[in-house]
Amino acid sequence: MAHGASIYPPTSHPMENNPFAGSGTEIPVVRLPPTDGPFRHRAARFRQWADSRSSLAGYLNLMADLADVQHGLWEMAAATLPRDRSGQPGNPGWRATLRSIVDRLNPGEAGLASLLDRIRRATDEELAAWGGRVLAGDFDRIEAGIAPLVTAALQVHMTSFASRLAREEIGPAQSGTACPVCGSLPVASLLQTGGAVHGLRYLVCGLCGCEWHRPRVQCIDCGSGKDVAYFAIEGLGEAVKAEGCGDCMTYVKIMDRDKDAAIDPFADDIASLALDILMAEEGYRRLGVNPLLLPGG
């Protein structure tokens, strides 16, 4: 195991396999994203991490700027974004949002300026193809630098769509690893705090921000609880660990809001990139993806 890494024994939660909370309230299987500007907090969290992660500060600050732009577009368009799946590849709405993101981002270094210009010159057909690949999780066929910006535009629309769904409009999950709203993979899992969900684990969609409940100390991928272990790295704090399954050798990050209420799964995932490196060295494969930071990006 890498220097500075720690491994923790699994710990169970008495409510995880109980369909009802102790108060008699049914545990929500799905939690929808907030409607009051979900990107504002993300921008602040990226900047908080940028102040303490010098090796990643440039990228974390760029992601903070991107989240600020997302927030501005959300605030402007929240009342007018269509209440449908306007994040579909062929829909002109998200493509207009992408172009607005490109126009609002500070080009900064020449590399980013070139990337933004590449998107400006893209045809509608190219944009639709990029959007389709992000939605399908086909990141091997989209440039690593372009994918986070395409994702950011899609997030504005798909998060708006998800936040305004009625509970009865959410269909049954097709699998435990895919978002029940949009079918995307999780970016991480969260241990929630407060009320009926205190201490419960929810996966967080990497696209629409929807959360869905999955029991703790149980592999997200294969369902086994026999060989689950938790990994952490000194200096990252106690709030973010990796839950690894020795049976199928997959892992997902697990973030504890009881230990740090300010956690944002996208920002904290990138800030804990060293944990991904550790898990790769240990032979584990990541379940899910953070489309704001792809391998090679």
# chains A, B, ... in the order shown; residues from 1 in each chain; ligands from 1
>>> residues_around(residues="Val102 of chain A", least_positions_apart="6", cutoff="10 Å", atoms="only C-alpha atoms", output="NGL selection string")
:A and (66 or 69 or 96 or 113 or 115-120 or 149-150 or 153)
>>> residues_around(residues="segment 211-215 of chain A", least_positions_apart="2", cutoff="7 Å", atoms="only C-alpha atoms", output="MDAnalysis selection string")
chainID A and resid 16:17 29:32 201:205 209 217:218
>>> closest_residue(among="A:Ile277, A:Leu98, A:Cys210, A:Leu112", to="Pro38 of chain A", atoms="only C-alpha atoms")
A:Cys210
>>> residues_around(residues="Asp227 of chain A", least_positions_apart="2", cutoff="7 Å", atoms="only C-alpha atoms", output="PyMOL selection string")
chain A and resi 225+229+245-247
>>> write_last_selection(atoms="all heavy atoms", output="compact mmCIF listing (two decimals), in the first residue's frame")
# COMPACT_ATOMS: atom_id res chain seq x y z
N GLY A 225 -20.97 -8.02 0.29
CA GLY A 225 -20.52 -7.33 1.49
C GLY A 225 -19.44 -8.10 2.21
O GLY A 225 -19.07 -7.77 3.33
N ALA A 229 -13.68 -2.92 2.01
CA ALA A 229 -12.71 -2.20 2.84
C ALA A 229 -12.72 -0.73 2.46
O ALA A 229 -13.12 -0.36 1.35
CB ALA A 229 -11.31 -2.79 2.67
N CYS A 245 -14.21 -3.09 -3.13
CA CYS A 245 -14.74 -4.44 -3.02
C CYS A 245 -13.66 -5.42 -3.49
O CYS A 245 -13.22 -5.37 -4.64
CB CYS A 245 -15.99 -4.60 -3.87
SG CYS A 245 -16.62 -6.30 -3.94
N GLY A 246 -13.25 -6.32 -2.59
CA GLY A 246 -12.24 -7.30 -2.94
C GLY A 246 -12.75 -8.40 -3.84
O GLY A 246 -11.96 -9.14 -4.43
N ASP A 247 -14.08 -8.55 -3.96
CA ASP A 247 -14.64 -9.59 -4.83
C ASP A 247 -14.55 -9.19 -6.30
O ASP A 247 -14.07 -9.95 -7.13
CB ASP A 247 -16.11 -9.87 -4.46
CG ASP A 247 -16.23 -10.72 -3.21
OD1 ASP A 247 -15.17 -11.20 -2.73
OD2 ASP A 247 -17.35 -10.90 -2.72
>>> select_by_dssp(residues="segment 43-203 of chain A", states="strand (DSSP E)", output="list of chain:residue names")
A:Pro186, A:Val187, A:Ala188, A:Ser189, A:Leu190, A:Leu191, A:Arg201, A:Tyr202, A:Leu203
>>> write_last_selection(atoms="N, CA and C atoms", output="PDB file, in the first residue's frame")
ATOM      1  N   PRO A 186     -22.773   7.255 -11.283  1.00  0.00           N
ATOM      2  CA  PRO A 186     -22.540   8.161 -10.151  1.00  0.00           C
ATOM      3  C   PRO A 186     -21.142   8.759 -10.181  1.00  0.00           C
ATOM      4  N   VAL A 187     -21.021   9.949  -9.622  1.00  0.00           N
ATOM      5  CA  VAL A 187     -19.716  10.566  -9.444  1.00  0.00           C
ATOM      6  C   VAL A 187     -19.108  10.110  -8.127  1.00  0.00           C
ATOM      7  N   ALA A 188     -19.946   9.859  -7.119  1.00  0.00           N
ATOM      8  CA  ALA A 188     -19.490   9.435  -5.795  1.00  0.00           C
ATOM      9  C   ALA A 188     -20.720   9.048  -4.990  1.00  0.00           C
ATOM     10  N   SER A 189     -20.500   8.641  -3.745  1.00  0.00           N
ATOM     11  CA  SER A 189     -21.616   8.403  -2.837  1.00  0.00           C
ATOM     12  C   SER A 189     -21.480   9.314  -1.627  1.00  0.00           C
ATOM     13  N   LEU A 190     -22.625   9.672  -1.047  1.00  0.00           N
ATOM     14  CA  LEU A 190     -22.670  10.592   0.091  1.00  0.00           C
ATOM     15  C   LEU A 190     -23.342   9.916   1.275  1.00  0.00           C
ATOM     16  N   LEU A 191     -22.763  10.084   2.454  1.00  0.00           N
ATOM     17  CA  LEU A 191     -23.451   9.755   3.692  1.00  0.00           C
ATOM     18  C   LEU A 191     -24.152  11.020   4.142  1.00  0.00           C
ATOM     19  N   ARG A 201     -26.547   6.161   2.932  1.00  0.00           N
ATOM     20  CA  ARG A 201     -25.683   6.369   1.765  1.00  0.00           C
ATOM     21  C   ARG A 201     -26.531   6.549   0.496  1.00  0.00           C
ATOM     22  N   TYR A 202     -26.227   7.613  -0.243  1.00  0.00           N
ATOM     23  CA  TYR A 202     -26.868   7.897  -1.525  1.00  0.00           C
ATOM     24  C   TYR A 202     -25.788   8.067  -2.593  1.00  0.00           C
ATOM     25  N   LEU A 203     -26.014   7.453  -3.743  1.00  0.00           N
ATOM     26  CA  LEU A 203     -25.168   7.719  -4.896  1.00  0.00           C
ATOM     27  C   LEU A 203     -25.603   9.026  -5.537  1.00  0.00           C
TER      28      LEU A 203
END
>>> closest_residue(among="A:Pro33, A:Gly176, A:Gly288, A:Pro148", to="Ala162 of chain A", atoms="only C-alpha atoms")
A:Pro33
